[in-house]
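Structure file entry.tsv (TSV, C-alpha atoms) is printed below.
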chain	number	residue	atom	x	y	z
U	1	MET	CA	56.06	198.47	20.84
U	2	MET	CA	52.83	200.28	19.99
U	3	TYR	CA	53.23	202.45	23.06
U	4	LEU	CA	56.92	203.09	22.37
U	5	ILE	CA	56.07	204.24	18.85
U	6	HIS	CA	53.22	206.41	20.07
U	7	ASP	CA	55.49	207.96	22.71
U	8	ALA	CA	58.12	208.73	20.06
U	9	ILE	CA	55.51	210.36	17.84
U	10	ARG	CA	54.29	212.56	20.71
U	11	ARG	CA	57.86	213.49	21.65
U	12	ASP	CA	58.70	214.57	18.11
U	13	LEU	CA	55.51	216.56	17.70
U	14	ASP	CA	56.24	218.48	20.90
U	15	ARG	CA	59.87	219.09	20.01
U	16	LEU	CA	59.14	220.12	16.45
U	17	GLU	CA	56.46	222.66	17.27
U	18	GLU	CA	58.48	224.25	20.06
U	19	GLY	CA	61.70	224.15	18.04
U	20	LEU	CA	60.06	225.87	15.07
U	21	HIS	CA	58.79	228.66	17.33
U	22	GLN	CA	62.35	229.10	18.62
U	23	LEU	CA	63.74	229.05	15.09
U	24	ALA	CA	61.47	231.95	14.16
U	25	SER	CA	63.29	234.20	16.63
U	26	MET	CA	66.87	232.96	16.15
U	27	HIS	CA	69.58	234.95	14.44
U	28	ALA	CA	71.97	233.49	11.89
U	29	GLY	CA	74.84	231.54	13.40
U	30	PRO	CA	75.87	228.12	14.71
U	31	GLY	CA	72.90	227.92	17.08
U	32	ARG	CA	70.36	228.38	14.31
U	33	ARG	CA	72.22	225.94	12.06
U	34	ALA	CA	72.16	223.34	14.86
U	35	MET	CA	68.44	223.92	15.35
U	36	ILE	CA	67.74	223.49	11.63
U	37	ASN	CA	69.73	220.24	11.57
U	38	ALA	CA	67.88	218.94	14.63
U	39	LEU	CA	64.50	219.85	13.14
U	40	ASP	CA	65.44	218.25	9.82
U	41	ARG	CA	66.39	214.92	11.44
U	42	SER	CA	63.37	214.85	13.76
U	43	TRP	CA	60.92	215.68	10.99
U	44	ALA	CA	62.42	213.11	8.61
U	45	ASP	CA	62.08	210.38	11.25
U	46	LEU	CA	58.56	211.37	12.25
U	47	ASP	CA	57.36	211.57	8.65
U	48	ARG	CA	58.84	208.18	7.80
U	49	TYR	CA	57.86	206.16	10.85
U	50	LEU	CA	54.40	207.64	11.22
U	51	HIS	CA	53.66	206.60	7.63
U	52	GLU	CA	55.04	203.09	8.18
U	53	HIS	CA	53.13	202.72	11.47
U	54	ASP	CA	49.78	203.84	10.03
U	55	THR	CA	50.27	201.66	6.94
U	56	ALA	CA	50.97	198.60	9.10
U	57	GLU	CA	47.82	199.28	11.12
U	58	ASP	CA	45.57	199.76	8.08
U	59	THR	CA	47.06	196.86	6.11
U	60	PHE	CA	47.58	194.19	8.78
U	61	LEU	CA	46.45	195.07	12.29
U	62	TRP	CA	42.96	196.44	11.74
U	63	PRO	CA	41.91	193.76	9.18
U	64	ALA	CA	43.07	191.03	11.60
U	65	LEU	CA	41.10	192.60	14.43
U	66	ARG	CA	38.00	192.91	12.23
U	67	ARG	CA	38.15	189.17	11.59
U	68	ALA	CA	38.84	188.26	15.21
U	69	CYS	CA	36.26	190.67	16.68
U	70	PRO	CA	33.66	191.88	14.12
U	71	LEU	CA	31.98	194.18	16.63
U	72	THR	CA	35.01	196.51	16.34
U	73	GLY	CA	34.11	197.31	12.73
U	74	GLU	CA	32.58	200.73	13.36
U	75	LEU	CA	35.43	201.73	15.67
U	76	LEU	CA	38.04	200.67	13.12
U	77	ASP	CA	36.21	202.62	10.42
U	78	GLU	CA	36.58	205.68	12.65
U	79	LEU	CA	40.31	205.11	13.09
U	80	GLU	CA	40.87	204.61	9.37
U	81	GLY	CA	38.94	207.81	8.76
U	82	GLU	CA	41.21	209.60	11.23
U	83	HIS	CA	44.25	208.32	9.33
U	84	ALA	CA	42.80	209.75	6.13
U	85	ALA	CA	42.00	213.07	7.81
U	86	LEU	CA	45.62	213.40	8.95
U	87	GLN	CA	46.97	213.25	5.40
U	88	PRO	CA	46.19	216.90	4.44
U	89	LEU	CA	47.82	218.03	7.69
U	90	MET	CA	50.90	215.95	6.88
U	91	ARG	CA	51.08	217.43	3.39
U	92	ALA	CA	50.82	220.94	4.83
U	93	CYS	CA	53.67	220.16	7.22
U	94	ARG	CA	55.86	218.74	4.46
U	95	SER	CA	55.36	221.85	2.35
U	96	ALA	CA	55.97	224.22	5.26
U	97	MET	CA	59.04	222.33	6.49
U	98	ILE	CA	60.72	222.56	3.07
U	99	ARG	CA	60.65	226.34	3.39
U	100	ALA	CA	61.49	226.46	7.10
U	101	LEU	CA	64.55	224.22	6.82
U	102	THR	CA	66.39	226.25	4.19
U	103	TYR	CA	69.76	227.76	5.10
U	104	TYR	CA	68.18	231.17	5.74
U	105	PRO	CA	64.57	230.64	6.86
U	106	THR	CA	62.50	233.76	7.38
U	107	PHE	CA	60.40	234.47	10.46
U	108	GLU	CA	57.30	233.85	8.33
U	109	ASP	CA	58.62	230.51	7.06
U	110	ALA	CA	59.34	229.21	10.56
U	111	THR	CA	56.07	230.55	11.97
U	112	ARG	CA	53.99	228.95	9.22
U	113	ALA	CA	55.74	225.65	9.81
U	114	ALA	CA	55.14	225.94	13.56
U	115	ASP	CA	51.44	226.60	12.95
U	116	ALA	CA	51.18	223.64	10.57
U	117	MET	CA	52.95	221.42	13.09
U	118	GLY	CA	50.66	222.63	15.85
U	119	ALA	CA	47.58	221.68	13.83
U	120	LEU	CA	49.03	218.23	13.14
U	121	ARG	CA	50.05	217.83	16.77
U	122	GLY	CA	46.54	218.49	18.06
U	123	GLU	CA	44.82	216.06	15.71
U	124	LEU	CA	47.47	213.35	15.93
U	125	ARG	CA	47.62	213.38	19.72
U	126	ALA	CA	43.85	212.98	19.86
U	127	HIS	CA	44.07	210.10	17.38
U	128	LEU	CA	46.76	208.28	19.38
U	129	GLN	CA	44.73	208.66	22.56
U	130	HIS	CA	41.68	207.29	20.75
U	131	GLU	CA	43.65	204.25	19.57
U	132	GLU	CA	45.10	203.52	22.98
U	133	GLY	CA	41.89	203.96	24.91
U	134	ALA	CA	39.38	202.45	22.51
U	135	VAL	CA	41.03	199.80	20.36
U	136	LEU	CA	44.20	198.46	22.00
U	137	PRO	CA	42.17	196.68	24.71
U	138	TYR	CA	40.44	194.72	21.92
U	139	VAL	CA	43.83	193.92	20.39
U	140	VAL	CA	45.01	192.51	23.72
U	141	ASP	CA	41.84	190.47	24.20
U	142	HIS	CA	41.38	189.11	20.68
U	143	LEU	CA	44.79	188.84	19.01
U	144	GLY	CA	47.07	186.34	20.70
U	145	SER	CA	50.74	186.72	21.51
U	146	GLU	CA	51.76	184.55	18.55
U	147	TRP	CA	49.90	186.78	16.10
U	148	TRP	CA	51.36	189.89	17.70
U	149	ALA	CA	54.90	188.47	17.52
U	150	ALA	CA	54.38	187.79	13.81
U	151	PHE	CA	53.04	191.33	13.28
U	152	GLU	CA	56.07	192.89	14.97
U	153	ALA	CA	58.41	190.61	12.99
U	154	ARG	CA	56.74	191.86	9.79
U	155	GLN	CA	57.27	195.46	10.90
U	156	ARG	CA	60.95	194.80	11.70
U	157	LYS	CA	61.42	193.23	8.26
U	158	GLN	CA	59.85	196.28	6.65
U	159	VAL	CA	62.19	198.59	8.55
U	160	GLY	CA	65.19	196.39	7.64
U	161	ARG	CA	68.72	197.29	8.64
U	162	SER	CA	67.64	200.72	9.81
U	163	ASP	CA	66.17	198.82	12.77
U	164	ILE	CA	69.54	199.30	14.43
U	165	THR	CA	70.83	202.51	12.95
U	166	ARG	CA	67.64	204.56	12.78
U	167	PHE	CA	64.48	202.98	14.16
U	168	LEU	CA	65.79	201.73	17.52
U	169	PRO	CA	67.42	205.10	18.31
U	170	TRP	CA	64.20	206.85	17.30
U	171	VAL	CA	62.00	204.89	19.71
U	172	LEU	CA	64.60	204.86	22.52
U	173	ASP	CA	65.31	208.60	22.58
U	174	ASP	CA	63.93	209.75	25.97
U	175	ALA	CA	61.80	206.59	26.11
U	176	ASP	CA	59.97	205.56	29.25
U	177	PRO	CA	62.51	203.44	31.19
U	178	VAL	CA	60.08	200.57	31.79
U	179	ARG	CA	59.19	200.38	28.10
U	180	ALA	CA	62.86	200.68	27.11
U	181	ASP	CA	63.67	197.74	29.41
U	182	TRP	CA	60.90	195.73	27.78
U	183	LEU	CA	62.40	196.42	24.35
U	184	ARG	CA	65.83	195.40	25.58
U	185	ASP	CA	64.36	192.03	26.55
U	186	GLN	CA	62.84	191.57	23.08
U	187	VAL	CA	65.98	192.05	20.99
U	188	ARG	CA	69.35	190.33	21.05
U	189	THR	CA	71.87	191.99	23.36
U	190	PRO	CA	74.38	192.83	20.58
U	191	VAL	CA	71.60	194.42	18.52
U	192	PHE	CA	70.46	196.54	21.45
U	193	ALA	CA	74.05	197.53	22.26
U	194	THR	CA	74.63	198.60	18.66
U	195	GLY	CA	71.36	200.53	18.74
U	196	ALA	CA	72.57	202.33	21.86
U	197	ILE	CA	75.63	203.57	19.97
U	198	PHE	CA	73.46	205.02	17.24
U	199	LEU	CA	71.13	206.44	19.89
U	200	ARG	CA	73.97	208.56	21.24
U	201	ARG	CA	74.68	209.77	17.71
U	202	ARG	CA	71.04	210.67	17.22
U	203	GLN	CA	70.89	212.52	20.50
U	204	ARG	CA	73.90	214.60	19.51
U	205	ARG	CA	72.24	215.37	16.18
U	206	VAL	CA	69.01	216.55	17.81
U	207	ALA	CA	70.65	218.11	20.89
U	208	ALA	CA	69.25	221.55	20.07
U	209	LEU	CA	65.72	220.15	20.51
U	210	ARG	CA	66.51	217.96	23.52
U	211	GLU	CA	67.98	220.92	25.40
U	212	MET	CA	64.98	223.24	25.00
Could you rewrite the structure in this file as structure tokens?
Amino acid sequence: MMYLIHDAIRRDLDRLEEGLHQLASMHAGPGRRAMINALDRSWADLDRYLHEHDTAEDTFLWPALRRACPLTGELLDELEGEHAALQPLMRACRSAMIRALTYYPTFEDATRAADAMGALRGELRAHLQHEEGAVLPYVVDHLGSEWWAAFEARQRKQVGRSDITRFLPWVLDDADPVRADWLRDQVRTPVFATGAIFLRRRQRRVAALREM
């Protein structure tokens, strides 16, 4: 699930930056309206689930790993510092996206939002790579499958009913097939089938970004 979430974050960062650059050069009409709607949905999902993911790491995952493997303390301090350093970039994106996603965004509005998203994309991609390469091996070695199952259950409870209607479609959109198959094995078949229905709805909503 960590990798699925990281993949979804990377996907949205790429789509958002490229889509904002396209928006800057688009004329008024149905195409631009579709692009604005796609950007709005993608940004809302990224902003929400990135916050929930980082909060779960800082509140539950990293403290558990500190206890299980104290030698990771310095590394986890670095990761928490990276989370903190991302916050000003997120605030800049939120401010810029408010202006870019109006009914009649200017070239300057869309370009500023693209630049803000590009800055976030560079730092966040580096952070995700750092997590995956440096800390996830310790998680695998020192936190057992039972603890990890409880951690993921806590995350699902936090997400709530949007697990089906919003979160599952978010992680499954253009997901790696092997990882998507793994997720299918983890959830009840009716839940996954319902999530697939909402996935198709999401993909229609963000079609302007998926077709770039």
Counting all atoms listed in the file, figure out which residue out of U:Met35, U:Leu65, U:Leu143, U:Ile98 gets nearest to U:Ala207. U:Met35
Near stretch 116-128 of chain U, counting all atoms listed in the file, which residues have an atom at most 9 Å away, once you skip same-chain residues fewer than 6 positions from it, shown as a list in words?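 What passes the distance filter is His6, Ile9, Arg10, Leu13, Asp14, Leu16, Glu17, Leu20, Leu79, Glu82, His83, Ala85, Leu86, Leu89, Met90, Ala92, Cys93, Ala96 and Met97 of chain U.
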U:Thr106 environment, 12 Å, all atoms listed in the file, sequence neighbours closer than 3 positions dropped, as a list in words: Leu20, His21, Leu23, Ala24, Ser25, Met26, His27, Ala28, Arg32, Ala96, Met97, Arg99, Ala100, Leu101, Thr102, Tyr103, Asp109, Ala110, Thr111, Arg112 and Ala113 of chain U
Please measure the separation of atom CA of U:Ala64 and atom CA of U:Leu172, giving the value in Å to one decimal.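 Value for the atom CA of U:Ala64-atom CA of U:Leu172 distance: 27.8 Å.
Counting all atoms listed in the file and comparing U:Ala175, U:Leu46, U:Ala208, U:Leu61, the residue that lies closest to U:Trp147 is U:Leu61.
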Shortest interatomic distance to U:Ala149 - which of U:Val135, U:Val178, U:Met1, U:Leu50, counting all atoms listed in the file: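 That would be U:Met1, the residue with the smallest distance to U:Ala149.
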One decimal, Å: what's the distance from atom CA of U:Asp115 over to atom CA of U:Ser95, could you say?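 These two atoms are separated by 12.3 Å.
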What is the atom CA of U:Tyr104-atom CA of U:Arg15 distance in Å, reported with one decimal?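 Interatomic distance here is 20.5 Å.
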Closest to U:Arg184 among U:Leu39, U:Ala56, U:Val171, U:Ala68, using only C-alpha atoms?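 Smallest distance to U:Arg184 is found for U:Val171.
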Point out the residue among U:Val206, U:Ile5, U:Leu199, U:Cys69 with the least atom-to-atom distance to U:Ala44, counting only C-alpha atoms.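 Ranked by minimum distance to U:Ala44, first place goes to U:Val206.
Proximity ranking of U:Gln87, U:Gln129, U:Gln203, U:Thr189 relative to U:Trp170 places U:Gln203 first, based on all atoms listed in the file.
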Can you spit out stretch 131-144 of chain U with N, CA and C atoms, as a PDB file, in the first residue's frame, from the structure just given?
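Full text of result06.pdb as output:
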ATOM      1  N   GLU U 131      12.421   7.882   1.306  1.00  0.00           N
ATOM      2  CA  GLU U 131      11.664   6.957   2.151  1.00  0.00           C
ATOM      3  C   GLU U 131      11.812   5.513   1.664  1.00  0.00           C
ATOM      4  N   GLU U 132      11.594   5.334   0.378  1.00  0.00           N
ATOM      5  CA  GLU U 132      11.590   3.974  -0.171  1.00  0.00           C
ATOM      6  C   GLU U 132      12.970   3.324  -0.089  1.00  0.00           C
ATOM      7  N   GLY U 133      13.991   4.100  -0.362  1.00  0.00           N
ATOM      8  CA  GLY U 133      15.330   3.517  -0.385  1.00  0.00           C
ATOM      9  C   GLY U 133      15.960   3.365   0.980  1.00  0.00           C
ATOM     10  N   ALA U 134      15.658   4.300   1.890  1.00  0.00           N
ATOM     11  CA  ALA U 134      16.376   4.328   3.166  1.00  0.00           C
ATOM     12  C   ALA U 134      15.603   3.726   4.331  1.00  0.00           C
ATOM     13  N   VAL U 135      14.283   3.904   4.372  1.00  0.00           N
ATOM     14  CA  VAL U 135      13.569   3.519   5.588  1.00  0.00           C
ATOM     15  C   VAL U 135      12.653   2.311   5.420  1.00  0.00           C
ATOM     16  N   LEU U 136      12.068   2.110   4.240  1.00  0.00           N
ATOM     17  CA  LEU U 136      11.149   0.984   4.100  1.00  0.00           C
ATOM     18  C   LEU U 136      11.821  -0.375   4.329  1.00  0.00           C
ATOM     19  N   PRO U 137      13.099  -0.540   3.980  1.00  0.00           N
ATOM     20  CA  PRO U 137      13.746  -1.811   4.344  1.00  0.00           C
ATOM     21  C   PRO U 137      13.747  -2.064   5.858  1.00  0.00           C
ATOM     22  N   TYR U 138      13.923  -1.031   6.654  1.00  0.00           N
ATOM     23  CA  TYR U 138      13.853  -1.189   8.112  1.00  0.00           C
ATOM     24  C   TYR U 138      12.433  -1.550   8.552  1.00  0.00           C
ATOM     25  N   VAL U 139      11.444  -0.964   7.904  1.00  0.00           N
ATOM     26  CA  VAL U 139      10.055  -1.286   8.230  1.00  0.00           C
ATOM     27  C   VAL U 139       9.804  -2.771   7.997  1.00  0.00           C
ATOM     28  N   VAL U 140      10.270  -3.257   6.847  1.00  0.00           N
ATOM     29  CA  VAL U 140      10.076  -4.677   6.510  1.00  0.00           C
ATOM     30  C   VAL U 140      10.770  -5.575   7.525  1.00  0.00           C
ATOM     31  N   ASP U 141      11.974  -5.193   7.933  1.00  0.00           N
ATOM     32  CA  ASP U 141      12.775  -6.048   8.816  1.00  0.00           C
ATOM     33  C   ASP U 141      12.313  -6.005  10.269  1.00  0.00           C
ATOM     34  N   HIS U 142      11.759  -4.864  10.720  1.00  0.00           N
ATOM     35  CA  HIS U 142      11.553  -4.687  12.154  1.00  0.00           C
ATOM     36  C   HIS U 142      10.093  -4.548  12.587  1.00  0.00           C
ATOM     37  N   LEU U 143       9.180  -4.362  11.661  1.00  0.00           N
ATOM     38  CA  LEU U 143       7.761  -4.303  12.010  1.00  0.00           C
ATOM     39  C   LEU U 143       7.068  -5.486  11.346  1.00  0.00           C
ATOM     40  N   GLY U 144       6.524  -6.365  12.126  1.00  0.00           N
ATOM     41  CA  GLY U 144       5.959  -7.601  11.607  1.00  0.00           C
ATOM     42  C   GLY U 144       4.682  -7.393  10.820  1.00  0.00           C
TER      43      GLY U 144
END
